[in-house]
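K.L.:
Just so it is clear, I am handing over run_3.csv, which has CSV, C-alpha atoms.
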chain,number,residue,atom,x,y,z
Y,96,MET,CA,72.1,232.0,99.4
Y,97,ALA,CA,68.5,232.9,98.6
Y,98,SER,CA,68.9,231.5,95.1
Y,99,LEU,CA,70.3,228.4,96.7
Y,100,MET,CA,67.4,228.0,99.0
Y,101,LYS,CA,65.1,228.7,96.1
Y,102,GLU,CA,66.8,226.0,94.2
Y,103,PHE,CA,66.5,223.7,97.1
Y,104,ALA,CA,62.8,224.6,97.3
Y,105,GLU,CA,62.3,224.1,93.6
Y,106,ALA,CA,64.1,220.9,93.7
Y,107,ARG,CA,62.0,219.9,96.7
Y,108,GLN,CA,58.9,220.9,94.9
Y,109,ILE,CA,59.9,219.0,91.9
Y,110,ARG,CA,60.6,216.0,94.1
Y,111,LEU,CA,57.2,216.3,95.8
Y,112,GLN,CA,55.5,216.6,92.5
Y,113,GLY,CA,57.4,213.6,91.2
Y,114,ARG,CA,56.5,211.8,94.3
Y,115,ALA,CA,52.9,212.7,93.9
Y,116,VAL,CA,53.0,211.6,90.3
Y,117,PHE,CA,54.7,208.4,91.4
Y,118,LEU,CA,52.2,207.8,94.1
Y,119,ALA,CA,49.4,208.4,91.6
Y,120,GLU,CA,50.9,206.1,89.2
Y,121,GLN,CA,51.4,203.5,91.9
Y,122,GLN,CA,47.8,203.9,92.9
Y,123,LEU,CA,46.7,203.5,89.4
Y,124,ALA,CA,48.9,200.5,89.0
Y,125,ARG,CA,47.6,199.1,92.3
Y,126,GLU,CA,44.1,199.6,91.2
Y,127,GLN,CA,44.9,198.1,87.9
Y,128,ARG,CA,46.6,195.1,89.6
Y,129,SER,CA,43.6,194.9,91.9
Y,130,SER,CA,41.3,194.8,89.0
Y,131,ASP,CA,43.5,192.4,87.2
Y,132,LEU,CA,43.7,190.2,90.2
Y,133,GLN,CA,39.9,190.4,90.6
Y,134,ALA,CA,39.5,189.5,87.0
Y,135,GLN,CA,42.0,186.8,87.3
Y,136,ALA,CA,40.4,185.5,90.4
Y,137,GLU,CA,37.0,185.5,88.7
Y,138,ALA,CA,38.6,183.7,85.7
Y,139,THR,CA,40.3,181.3,88.1
Y,140,ALA,CA,37.1,180.7,89.9
Y,141,THR,CA,35.3,180.2,86.7
Y,142,TYR,CA,38.0,177.8,85.5
Y,143,LEU,CA,38.1,176.0,88.8
Y,144,ALA,CA,34.3,175.7,88.7
Y,145,HIS,CA,34.5,174.4,85.1
Y,146,ALA,CA,37.3,172.1,86.1
Y,147,GLU,CA,35.4,170.9,89.1
Y,148,GLU,CA,32.4,170.2,86.9
Y,149,THR,CA,34.6,168.5,84.4
Y,150,ARG,CA,36.3,166.4,87.1
Y,151,LEU,CA,32.9,165.5,88.6
Y,152,ALA,CA,31.7,164.6,85.2
Y,153,TRP,CA,34.8,162.5,84.6
Y,154,GLU,CA,34.6,160.9,88.0
Y,155,HIS,CA,31.0,160.1,87.4
Y,156,GLY,CA,31.8,158.7,84.0
Y,157,ARG,CA,34.7,156.7,85.5
Y,158,GLN,CA,32.5,155.4,88.2
Y,159,VAL,CA,29.9,154.4,85.7
Y,160,ILE,CA,32.6,152.7,83.6
Y,161,ALA,CA,34.0,151.0,86.7
Y,162,GLU,CA,30.6,149.9,87.7
Y,163,ASN,CA,30.0,148.7,84.2
Y,164,ALA,CA,33.4,146.9,84.2
Y,165,LEU,CA,32.7,145.4,87.7
Y,166,GLU,CA,29.3,144.2,86.5
Y,167,SER,CA,30.9,142.8,83.4
Y,168,ARG,CA,33.6,141.1,85.5
Y,169,ARG,CA,30.9,139.8,87.8
Y,170,GLU,CA,29.1,138.4,84.9
Y,171,GLU,CA,32.3,136.9,83.5
Y,172,VAL,CA,33.2,135.4,86.9
Y,173,LEU,CA,29.8,133.9,87.2
Y,174,ASN,CA,30.1,132.6,83.7
Y,175,ARG,CA,33.5,131.2,84.4
Y,176,ALA,CA,32.3,129.8,87.7
Y,177,ALA,CA,29.4,128.1,85.9
Y,178,GLN,CA,31.8,126.8,83.2
Y,179,VAL,CA,34.2,125.6,85.8
Y,180,SER,CA,31.4,124.0,87.8
Y,181,GLU,CA,30.1,122.4,84.7
Y,182,TYR,CA,33.6,121.2,83.7
Y,183,LEU,CA,34.3,119.9,87.2
Y,184,GLY,CA,31.0,118.1,87.2
Y,185,THR,CA,31.8,116.6,83.8
Y,186,LEU,CA,35.3,115.8,84.9
Y,187,ASN,CA,34.1,114.2,88.1
Y,188,VAL,CA,31.6,112.1,86.2
Y,189,THR,CA,34.3,111.2,83.7
Y,190,ARG,CA,36.8,110.3,86.4
Y,191,THR,CA,34.2,108.3,88.2
Y,192,GLU,CA,33.5,106.4,85.1
Y,193,GLN,CA,37.2,106.1,84.3
Y,194,ALA,CA,37.9,104.9,87.9
Y,195,ALA,CA,35.2,102.3,87.6
Y,196,GLU,CA,36.6,101.1,84.3
Y,197,ASP,CA,40.1,101.1,85.7
Y,198,SER,CA,39.0,99.3,88.8
Y,199,GLU,CA,37.3,96.7,86.7
Y,200,GLN,CA,40.3,96.5,84.4
Y,201,ARG,CA,42.7,96.1,87.3
Y,202,ALA,CA,40.4,93.5,88.8
Y,203,GLN,CA,40.4,91.6,85.5
Y,204,GLU,CA,44.2,91.9,85.3
Y,205,VAL,CA,44.5,90.7,88.9
Y,206,ARG,CA,42.3,87.7,88.1
Y,207,THR,CA,44.3,87.1,84.9
Y,208,ARG,CA,47.6,87.4,86.7
Y,209,THR,CA,46.4,85.2,89.5
Y,210,PHE,CA,45.3,82.5,87.0
Y,211,LYS,CA,48.6,82.8,85.2
Y,212,THR,CA,50.6,82.7,88.4
Y,213,ARG,CA,48.7,79.7,89.6
Y,214,SER,CA,49.3,78.0,86.3
Y,215,GLN,CA,53.0,78.9,86.4
Y,216,LEU,CA,53.3,77.7,90.0
Y,217,LYS,CA,51.7,74.4,89.1
Y,218,HIS,CA,54.1,74.0,86.2
Y,219,ILE,CA,57.1,75.1,88.3
Y,220,ARG,CA,56.0,72.7,91.1
Y,221,LYS,CA,55.7,69.8,88.6
Y,222,ALA,CA,59.0,70.7,87.0
Y,223,ARG,CA,60.7,70.9,90.4
Y,224,ILE,CA,59.2,67.5,91.4
Y,225,ARG,CA,60.5,66.1,88.1
Y,226,ASP,CA,63.9,67.7,88.6
Y,227,GLY,CA,64.0,66.5,92.2
Y,228,GLU,CA,63.2,63.0,91.1
Y,229,ALA,CA,65.8,63.2,88.4
Y,230,SER,CA,68.4,64.7,90.7
Y,231,LEU,CA,67.6,62.1,93.4
Y,232,GLU,CA,68.0,59.3,90.8
Y,233,GLN,CA,71.2,60.9,89.5
Y,234,ARG,CA,72.6,61.3,93.1
Y,235,GLN,CA,71.8,57.6,93.8
Y,236,GLN,CA,73.5,56.6,90.6
Y,237,LEU,CA,76.5,58.9,91.4
Y,238,ARG,CA,76.6,57.5,94.9
Y,239,LYS,CA,76.6,53.9,93.6
Y,240,ALA,CA,79.3,54.9,91.1
Y,241,ARG,CA,81.4,56.5,93.9
Y,242,ILE,CA,80.9,53.4,96.0
Y,243,ARG,CA,82.1,51.2,93.2
Y,244,ASP,CA,85.0,53.5,92.5
Y,245,GLY,CA,85.9,53.6,96.2
Y,246,GLU,CA,85.8,49.9,96.4
Y,247,ALA,CA,88.0,49.6,93.2
Y,248,SER,CA,90.4,52.3,94.5
Y,249,LEU,CA,90.5,50.6,97.9
Y,250,GLU,CA,91.3,47.3,96.3
Y,251,GLN,CA,93.9,49.0,94.1
Y,252,ARG,CA,95.4,50.7,97.1
Y,253,GLN,CA,95.5,47.5,99.1
Y,254,GLN,CA,97.1,45.7,96.2
Y,255,LEU,CA,99.6,48.7,95.8
Y,256,VAL,CA,100.3,48.5,99.6
Y,257,GLN,CA,100.9,44.8,99.4
Y,258,ASP,CA,103.2,45.2,96.4
Y,259,ARG,CA,105.0,48.0,98.1
Y,260,ALA,CA,105.3,46.0,101.3
Y,261,ALA,CA,106.7,43.0,99.4
Y,262,LEU,CA,109.1,45.3,97.5
Y,263,THR,CA,110.1,47.0,100.7
Y,264,LYS,CA,110.6,43.6,102.4
Y,265,MET,CA,112.7,42.5,99.5
Y,266,GLN,CA,114.7,45.7,99.6
Y,267,LEU,CA,115.1,45.4,103.4
Y,268,GLU,CA,116.3,41.7,103.0
Y,269,ASP,CA,118.8,42.8,100.3
Y,270,LEU,CA,119.9,45.6,102.5
Y,271,THR,CA,120.2,43.3,105.6
Y,272,LYS,CA,122.2,40.8,103.5
Y,273,THR,CA,124.4,43.5,102.1
Y,274,ARG,CA,125.0,44.9,105.6
Y,275,LEU,CA,125.8,41.4,106.9
Y,276,ASP,CA,128.2,40.8,104.0
Y,277,ASN,CA,129.8,44.2,104.5
Y,278,ALA,CA,130.1,43.5,108.3
Y,279,THR,CA,131.7,40.1,107.6
Y,280,ILE,CA,134.2,41.7,105.2
Y,281,ASP,CA,134.9,44.6,107.7
Y,282,ALA,CA,135.4,42.1,110.5
Y,283,GLN,CA,137.8,40.0,108.3
Y,284,GLN,CA,139.6,43.2,107.3
Y,285,ARG,CA,139.9,44.4,110.9
Y,286,ALA,CA,141.1,40.9,112.0
Y,287,GLN,CA,143.7,41.0,109.2
Y,288,GLU,CA,144.7,44.5,110.1
Y,289,PHE,CA,144.9,43.6,113.8
Y,290,SER,CA,147.2,40.5,113.0
Y,291,ASP,CA,149.3,42.7,110.7
Y,292,ARG,CA,149.7,45.3,113.4
Y,293,ALA,CA,150.5,42.6,116.0
Y,294,ALA,CA,153.2,41.2,113.7
Y,295,ASN,CA,154.6,44.7,113.1
Y,296,VAL,CA,154.6,45.4,116.8
Y,297,LYS,CA,156.4,42.1,117.5
Y,298,ALA,CA,159.0,42.7,114.8
Y,299,SER,CA,159.6,46.3,116.1
Y,300,LEU,CA,159.8,45.0,119.7
Y,301,ALA,CA,162.3,42.3,118.6
Y,302,GLN,CA,164.3,44.9,116.7
Y,303,ILE,CA,164.3,47.2,119.6
Y,304,GLU,CA,165.3,44.4,122.0
Y,305,SER,CA,168.2,43.3,119.7
Y,306,SER,CA,169.4,46.9,119.4
Y,307,ARG,CA,169.2,47.4,123.1
Y,308,LEU,CA,171.1,44.1,123.7
Y,309,ALA,CA,173.8,45.3,121.3
Y,310,ASP,CA,174.0,48.6,123.0
Y,311,ALA,CA,174.2,46.9,126.4
Y,312,GLU,CA,177.0,44.6,125.2
Y,313,ALA,CA,178.9,47.6,123.8
Y,314,GLN,CA,178.4,49.5,127.0
Y,315,ALA,CA,179.6,46.4,129.0
Y,316,PHE,CA,182.7,46.1,126.7
Y,317,LYS,CA,183.5,49.8,127.2
Y,318,LEU,CA,183.0,49.4,131.0
Y,319,LYS,CA,185.3,46.4,131.0
Y,320,ALA,CA,187.9,48.3,129.0
Y,321,PHE,CA,187.6,51.3,131.4
Y,322,ARG,CA,188.0,49.1,134.4
Y,323,SER,CA,191.1,47.4,133.0
Y,324,GLN,CA,192.6,50.8,132.1
Y,325,LEU,CA,191.7,52.1,135.6
Y,326,THR,CA,193.3,49.0,137.2
Y,327,ASN,CA,196.4,49.4,135.1
Y,328,SER,CA,196.7,53.1,135.9
Y,329,VAL,CA,196.3,52.6,139.6
Y,330,TRP,CA,198.7,49.7,139.9
Y,331,SER,CA,201.2,51.2,137.6
Y,332,GLY,CA,201.6,54.4,139.7
Y,333,ASP,CA,200.7,56.8,137.0
Y,334,ARG,CA,197.5,58.0,138.6
Y,335,ALA,CA,198.0,61.7,137.9
Y,336,THR,CA,198.4,61.2,134.2
Y,337,VAL,CA,196.0,58.4,133.5
Y,338,ALA,CA,193.3,58.8,136.1
Y,339,ASN,CA,191.7,62.0,134.6
Y,340,PRO,CA,190.8,60.8,131.1
Y,341,PRO,CA,189.1,57.6,132.3
Y,342,VAL,CA,187.1,59.7,134.8
Y,343,ALA,CA,185.9,61.8,131.9
Y,344,ASN,CA,185.2,58.7,129.8
Y,345,LEU,CA,183.4,57.3,132.8
Y,346,SER,CA,181.2,60.3,133.2
Y,347,GLN,CA,180.4,60.3,129.5
Y,348,GLU,CA,179.7,56.6,129.5
Y,349,ASP,CA,177.6,57.0,132.6
Y,350,THR,CA,175.6,59.8,131.0
Y,351,THR,CA,175.2,57.8,127.8
Y,352,ARG,CA,174.5,54.6,129.6
Y,353,SER,CA,171.9,56.0,132.0
Y,354,PRO,CA,169.4,57.0,129.3
Y,355,ASP,CA,169.7,53.5,127.8
Y,356,ALA,CA,169.0,52.0,131.2
Y,357,SER,CA,166.1,54.3,131.8
Y,358,GLU,CA,164.8,53.7,128.3
Y,359,ILE,CA,165.0,50.0,128.8
Y,360,SER,CA,163.3,50.2,132.2
Y,361,THR,CA,160.6,52.6,130.9
Y,362,SER,CA,160.2,51.4,127.4
Y,363,LYS,CA,159.8,47.7,128.2
Y,364,PRO,CA,156.6,48.1,130.1
Y,365,LYS,CA,155.3,50.4,127.4
Y,366,LYS,CA,156.1,47.9,124.7
Y,367,LYS,CA,154.7,45.1,126.8
Y,368,ASN,CA,151.4,46.9,127.0
Y,369,PRO,CA,150.7,46.6,123.2
Y,370,LYS,CA,151.5,43.0,123.5
Y,371,SER,CA,149.0,42.5,126.3
Y,372,GLU,CA,146.5,44.7,124.5
Y,373,SER,CA,147.0,42.7,121.3
Y,374,VAL,CA,146.6,39.5,123.3
Y,375,VAL,CA,143.5,40.8,125.0
Y,376,ALA,CA,142.1,42.4,121.9
Y,377,SER,CA,142.8,39.4,119.6
Y,378,ALA,CA,140.5,37.2,121.6
Y,379,PRO,CA,137.2,39.0,121.0
Y,380,GLU,CA,138.0,40.0,117.4
Y,381,PRO,CA,136.1,37.1,115.8
Y,382,ALA,CA,132.9,38.2,117.6
Y,383,ILE,CA,132.7,41.6,115.7
Y,384,ALA,CA,130.1,40.3,113.3
Y,385,LYS,CA,127.9,38.9,116.1
Y,386,PRO,CA,125.9,42.2,116.7
Y,387,ILE,CA,124.9,42.2,113.1
Y,388,GLU,CA,123.6,38.6,113.3
Y,389,VAL,CA,121.6,39.4,116.5
Y,390,LYS,CA,117.9,40.1,115.8
Y,391,GLU,CA,117.0,43.7,116.3
Y,392,THR,CA,114.7,44.4,119.2
Y,393,PRO,CA,111.8,46.4,117.9
Y,394,LYS,CA,111.0,49.6,119.6
Y,395,PRO,CA,107.5,50.0,121.3
Y,396,ALA,CA,104.8,50.5,118.6
Y,397,GLY,CA,103.6,53.6,120.5
Y,398,LYS,CA,106.7,55.6,119.7
Y,399,ILE,CA,106.5,54.7,116.0
Y,400,GLU,CA,102.8,55.5,115.8
Y,401,GLN,CA,103.4,58.8,117.6
Y,402,PHE,CA,106.3,59.6,115.2
Y,403,VAL,CA,104.1,58.8,112.1
Y,404,VAL,CA,101.3,61.0,113.5
Y,405,ASP,CA,103.7,63.9,114.1
Y,406,TYR,CA,105.3,63.5,110.7
Y,407,VAL,CA,101.9,63.5,108.9
Y,408,ALA,CA,100.7,66.5,111.0
Y,409,GLN,CA,103.7,68.6,110.0
Y,410,LEU,CA,103.2,68.0,106.2
Y,411,SER,CA,102.0,71.2,104.4
Y,412,THR,CA,99.7,69.3,102.1
Y,413,ASN,CA,97.3,68.1,105.0
Y,414,SER,CA,97.5,64.6,103.5
Y,415,SER,CA,95.8,61.6,105.0
Y,416,LEU,CA,97.5,58.3,105.9
Y,417,LEU,CA,96.3,56.7,102.6
Y,418,GLU,CA,97.6,59.6,100.6
Y,419,VAL,CA,101.0,59.4,102.5
Y,420,VAL,CA,101.1,55.6,101.8
Y,421,ASN,CA,100.4,56.3,98.0
Y,422,ASP,CA,103.2,58.8,97.8
Y,423,ARG,CA,106.5,56.9,97.4
Y,424,ASP,CA,108.8,59.9,98.1
Y,425,THR,CA,107.0,60.8,101.3
Y,426,VAL,CA,107.1,57.1,102.5
Y,427,ARG,CA,110.9,57.0,101.7
Y,428,ASP,CA,111.5,60.2,103.6
Y,429,LEU,CA,109.4,59.0,106.5
Y,430,LEU,CA,111.3,55.7,106.7
Y,431,ALA,CA,114.7,57.6,106.5
Y,432,GLN,CA,113.7,60.1,109.3
Y,433,GLY,CA,112.2,57.4,111.5
Y,434,ALA,CA,115.2,55.1,111.2
Y,435,ASN,CA,117.6,58.0,112.0
Y,436,THR,CA,115.4,59.4,114.9
Y,437,LEU,CA,114.1,56.2,116.5
Y,438,LYS,CA,117.1,54.0,115.6
Y,439,VAL,CA,114.7,51.2,114.4
Y,440,ASP,CA,114.4,49.0,111.4
Y,441,PRO,CA,112.6,50.8,108.5
Y,442,SER,CA,110.4,47.7,108.1
Y,443,ASP,CA,108.9,48.2,111.5
Y,444,ILE,CA,108.0,51.8,110.6
Y,445,LEU,CA,106.5,50.7,107.3
Y,446,ASN,CA,104.5,47.9,108.9
Y,447,THR,CA,103.2,50.4,111.5
Y,448,LEU,CA,102.3,52.9,108.8
Y,449,LEU,CA,100.4,50.2,106.8
Y,450,GLN,CA,98.5,49.1,109.9
Y,451,MET,CA,97.5,52.7,110.7
Y,452,ALA,CA,96.5,53.3,107.1
Y,453,GLU,CA,94.3,50.2,107.1
Y,454,GLY,CA,92.7,51.1,110.4
Y,455,SER,CA,91.9,54.7,109.1
Y,456,SER,CA,90.4,53.3,105.9
Y,457,THR,CA,88.2,50.9,107.7
If you took the structure in this file and wrote it as structure tokens, what would it be?
P.N.:
Amino acid sequence: MASLMKEFAEARQIRLQGRAVFLAEQQLAREQRSSDLQAQAEATATYLAHAEETRLAWEHGRQVIAENALESRREEVLNRAAQVSEYLGTLNVTRTEQAAEDSEQRAQEVRTRTFKTRSQLKHIRKARIRDGEASLEQRQQLRKARIRDGEASLEQRQQLVQDRAALTKMQLEDLTKTRLDNATIDAQQRAQEFSDRAANVKASLAQIESSRLADAEAQAFKLKAFRSQLTNSVWSGDRATVANPPVANLSQEDTTRSPDASEISTSKPKKKNPKSESVVASAPEPAIAKPIEVKETPKPAGKIEQFVVDYVAQLSTNSSLLEVVNDRDTVRDLLAQGANTLKVDPSDILNTLLQMAEGSST
């Protein structure tokens, strides 16, 4: 136990000595660090002082350089300003002189152009006056030529209208003559046909009359024979055996006889009517051709003129009356439609058309 305590004490002593040594070493190290720090601080202060001096010297040098550069820039700006001012002055003088020259040149060009324009206008005016006189003379000549052509064409159209009127008149006369001849021939044919039919009717009536007379005689003979048979049968006392057959014959004869009598009574008036009709109709037959010989009563001119105006208005070519007169097909169609519509002579329509055309041309 004592040894253990002694060991503890020795160990403690050793620790205390080690601690003291450590503390002494630490103190020395602290002093060394303190001295190092002091030396480093002095070196840093010296360095900082040197760096500050260097910086100040550099700043002073830079400031001097900047001032020198600013001074040089000022001098350069002043030089450039002087150069620019001198250049602008020179340019202004040059532009002023150039403007004066340009103004003078433009004025000279304006005077030259004005002179040329006036000369050109004078020439153009003279040329227009000459052209106007030439065109006026040409128009007058053309007008005279048109007047001559119009007169010639008018005379030609009038001659053509007269020729066509004469031709149409001849055609209408031929047509009228042909119609009269045809009407005469038709009347003769109808009269011959009527006389033939009347002869045929007379012959048929005579044949019917003879056949009816023969039938009547046969019926009378049969009736007479029946009566004699009936008388013989009654007076001979054989009524029962003889009376019946004659009765049947009588009834048959009566039935066959009665239609003949009725036919005679009904057919005779019917056959007499054609006779009377033939007698009545045969009287006015020669007068069939008279309506053709009667002069046609012309329709009012107003209807014909209105028809001509309507016909010309409905044409798709918008032709005038003179153009319609000069067109043969159109005139032919107009005459055909007018004759069918108004029931008038085509010559009346043609005369009205010619009068209207002459009135429009004048």
K.L.:
Show me, as a Markdown table, the residues of segment 182-256 of chain Y having an atom within 10 Å of segment 416-426 of chain Y, each with the closest atom pair and its distance in Å, using all atoms listed in the file.
P.N.:
| residue | atom | partner | partner_atom | distance |
| --- | --- | --- | --- | --- |
| Y:Leu249 | CA | Y:Leu417 | CA | 9.6 |
| Y:Arg252 | CA | Y:Asn421 | CA | 7.6 |
| Y:Gln253 | CA | Y:Leu417 | CA | 9.9 |
| Y:Leu255 | CA | Y:Asn421 | CA | 8.0 |
| Y:Val256 | CA | Y:Val420 | CA | 7.5 |
K.L.:
Generate the output file for the selected residues, C-alpha atoms, as an mmCIF file, keeping the file's coordinate frame.
P.N.:
data_model
loop_
_atom_site.group_PDB
_atom_site.id
_atom_site.type_symbol
_atom_site.label_atom_id
_atom_site.label_comp_id
_atom_site.auth_asym_id
_atom_site.auth_seq_id
_atom_site.Cartn_x
_atom_site.Cartn_y
_atom_site.Cartn_z
ATOM 1 C CA LEU Y 249 90.500 50.600 97.900
ATOM 2 C CA ARG Y 252 95.400 50.700 97.100
ATOM 3 C CA GLN Y 253 95.500 47.500 99.100
ATOM 4 C CA LEU Y 255 99.600 48.700 95.800
ATOM 5 C CA VAL Y 256 100.300 48.500 99.600
#
K.L.:
When distances are computed from all atoms listed in the file, which of Y:Leu132, Y:Ala315, Y:Ile160, Y:Val407 shows the smallest separation from Asp428 of chain Y?
P.N.:
Y:Val407
K.L.:
In Å, with one decimal, what is the gap from atom CA of Lys272 of chain Y to atom CA of Val439 of chain Y?
P.N.:
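Computing it gives 16.8 Å between the two atoms.
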K.L.:
Which distance in Å separates atom CA of Ala136 of chain Y and atom CA of Phe117 of chain Y, to one decimal?
P.N.:
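One can read the atom CA of Ala136 of chain Y to atom CA of Phe117 of chain Y distance as 27.0 Å.
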K.L.:
Please provide the set of residues having any atom within 12 Å of Gln450 of chain Y, restricted to all atoms listed in the file, with same-chain residues fewer than 2 positions apart removed, written as a list in words.
P.N.:
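Within the cut-off, the hits are Gln253, Val256, Gln257, Ala260, Ala396, Ile399, Glu400, Val403, Leu416, Leu417, Val420, Asp443, Ile444, Leu445, Asn446, Thr447, Leu448, Ala452, Glu453, Gly454, Ser455, Ser456 and Thr457 of chain Y.
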K.L.:
Between atom CA of Leu429 of chain Y and atom CA of Thr412 of chain Y, what is the distance, to one decimal in Å?
P.N.:
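If I compute the distance from atom CA of Leu429 of chain Y to atom CA of Thr412 of chain Y, I get 14.8 Å.
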K.L.:
Smallest atom-to-atom distance to Leu449 of chain Y: which of Y:Ala106, Y:Ala176, Y:Ser198, Y:Arg259, using all atoms listed in the file?
P.N.:
Y:Arg259
